[in-house]
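Read through the structure below, which is laid out as structure tokens, and then see the notes.
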Amino acid sequence: MIRTFADLELDQNLLEAIEEMGFDRPTQIQAEAIPQALDGKDILASAPTGTGKTAAFVIPALQYLQDFPRKKAGPARVLILTPTRELAMQVADQARALAKNTKLNIFTITGGVQYQEHAGILATTQDIVVATPGRLMEYIEAERFDCRAIEWLILDEADRMLDMGFGPTVDRLSAECRWRKQTLLFSATLEGRGVEGFTADLLKEPAEIDAEPSRRERKKITQWYHRADDMEHKLALLKVIITEQAERSIIFLKTRERLADLRVELEKAQIPCGWIQGEMPQDRRNNAIARFRDGSVNVLLATDVAARGIDLPDVSHVINFDMPRTADVYLHRIGRTARAGKKGNALSLVEAHDQPMLDRVARYTKEDIKERFIKELRPKHKKPVFKKKNKKKDDKKKTAVKGKKKTAKKKK
Ligand code: ADP
Ligand code: MG
């Protein structure tokens with residue numbers, strides 16, 4: 001039974017780095033994945049967002065590189081693939097922090113960076129490379145990156161990579177890394193379309209780990225919603241929430257256009273905010289994230305594309321200014337709060353037409369999402385009733401009018 005990091009038989013330098021990061025004990029996924037990975041097994045692991053999957057693969061990779069030190073300078077031995085460049089940088093940052101007492105070299109290769117900047121990296125010895133699939137494939141095709149020395153291939157957020165259409169590229173990268181010893185795949189869920197077939201080709205008799213987070217890790221997210229009559233009302237609600245209730249919030253919007261509109265409104269109201277959206281120059285995205293991370297701004301606007309997989313610490317409130325397209329996206333969004341056992345809040349601003357999506361989310365997450373009001377900003381419209389199976393409901397209504405007592409009982 002693994003209770004502490006010391007139980008994992010890691011080198012002292014790693015244990016010290018872990019302690020400095022403030023990790024007291026391994027999370028469930030770490031306790032299960034690290035020993036198996038160090039045993040030489042392939043891993044197929046799923047655990048909810050925010051449960052420490054990064055360290056679950058970085059720690060054994062670092063231990064492995066120390067157990068089997070390289071004999072001469074050369075190309076990367078561990079390749080970590082992530083769906084987005086932000087995530088690649090976060091994973092690399094965490095790997096560097098954990099490797100701080102070693103001489104191991106950790107690099108990122110992602111889009112949005114000039115080849116010249118990568119050229120230097122590629123000429124030196126690399127131990128771990130964290131990369132996004134598209135850019136890495138380009139380098140391989142141009143014979144600028146050599147996969148033959150890769151011993152461990154690690155896929156982070158495999159579900160997202162598939163969602164983003166990276167499946168075929170990852171398959172090709174897997175073929176390029178065919179001399180590897182081990183493959184580790186991590187995902188928030190393994191239920192998405194195609195994950196099964198995908199993993200079957202990549203992994204050899206993997207240890208399957210489905211880490212139910214312990215109660216300590218389980219998220220404490222309070223969820224609620226406010227009804228809004230229209231855009232103006234929504235905006236008024238939002239301003240009160242971010243200025244009077246929330247300490248640090250991420251606000252999710254459907255599109256870049258809507259994000260731009262909201263930005264203008266917040267500027268008018270003199271509420272400082274940062275924003276990230278897809279197709280934004282790398283340095284500007286980094287900048288926005290850094291400003292949010294260091295607390296220069298406490299409000300971050302984001303579209304779903306931009307926010308994938310980013311670990312933004314200490315978010316008190318996730319705000320769905322626009323409802324997401326699916327219940328699954330809702331779960332990913334609210335996973336930004338209550339990380340690593342902290343408490344969090346997730347709220348949605350819903351107009352009449354959003355009500356069906358809210359109901360769907362409540363069914364999907366099996367959560368009771370309650371309505372809340374802000375005193376001076378109560379909605380004027382009545383809560384809309386959407387008829388699902390028209391006929392039955394209408395019948396019920398009729399009986400409800402005729403004999404109230406009967407249906408009141410039935411409802412329970
Ligand atoms: P996931 O990839 O599962 O979504 P992350 O690896 O991004 O989760 O970790 C989420 C947060 O939890 C990070 O801020 C990380 O530093 C922190 N964390 C990871 N492992 C531990 C641990 N054992 N104890 C405390 N905090 C941890
Ligand atoms: Mg992660």
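Each chain in the structure tokens gets a letter, A, B, ..., in the order shown, and its residues are numbered from 1; ligands are numbered from 1 in order too.
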
Near ligand 2, 7 Å: chain A residue rows, closest pairs, only C-alpha atoms and all ligand atoms, as CSV:
```
residue,atom,partner,partner_atom_place_in_ligand_line,distance
A:Thr49,CA,ligand 2,1 (Mg),6.5
A:Gly50,CA,ligand 2,1 (Mg),6.8
A:Gly52,CA,ligand 2,1 (Mg),6.9
A:Lys53,CA,ligand 2,1 (Mg),5.4
A:Thr54,CA,ligand 2,1 (Mg),5.4
A:Asp156,CA,ligand 2,1 (Mg),6.5
A:Glu157,CA,ligand 2,1 (Mg),6.3
A:Gly309,CA,ligand 2,1 (Mg),6.0
```

Selected residues written out, C-alpha atoms, as a compact mmCIF listing (two decimals), in the first residue's frame:
```
# COMPACT_ATOMS: atom_id res chain seq x y z
CA THR A 49 -9.03 16.65 -14.17
CA GLY A 50 -6.96 18.15 -11.40
CA GLY A 52 -2.21 15.17 -10.50
CA LYS A 53 -1.82 13.16 -13.69
CA THR A 54 1.21 15.20 -14.80
CA ASP A 156 -1.21 13.30 -21.99
CA GLU A 157 -4.89 14.18 -22.43
CA GLY A 309 -5.86 21.26 -20.54
```

Q: Output as a ChimeraX atom specification all residues of region 135-313 of chain A that backbone DSSP marks as helix (DSSP H, G or I).
A: /A:135-141,158-163,167-176,195-202,231-245,256-268,282-293,304-307

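Shortest separation to Thr222 (chain A) among A:Leu153, A:Ala346, A:Ile106, A:Met280 occurs at residue A:Ala346, atoms counted being only C-alpha atoms.
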
(Q) From the options A:Thr51, A:Ser316, A:Thr82, A:Gln36, which residue's atoms come nearest to ligand 1, counting only C-alpha atoms and all ligand atoms? (A)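 Smallest separation from ligand 1 among the options: A:Thr51.
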
Q. In Å, with one decimal, what is the gap from CA of Asp229 (chain A) to CA of Gln355 (chain A)?
A. 12.0 Å

Q: Considering only C-alpha atoms, return as a PyMOL selection string whatever protein or nucleic-acid residues lie within 10 Å of Ser296 (chain A), sequence-local ones (same chain, fewer than 3 positions apart) excluded.
A: chain A and resi 272-274+288+290-293+299
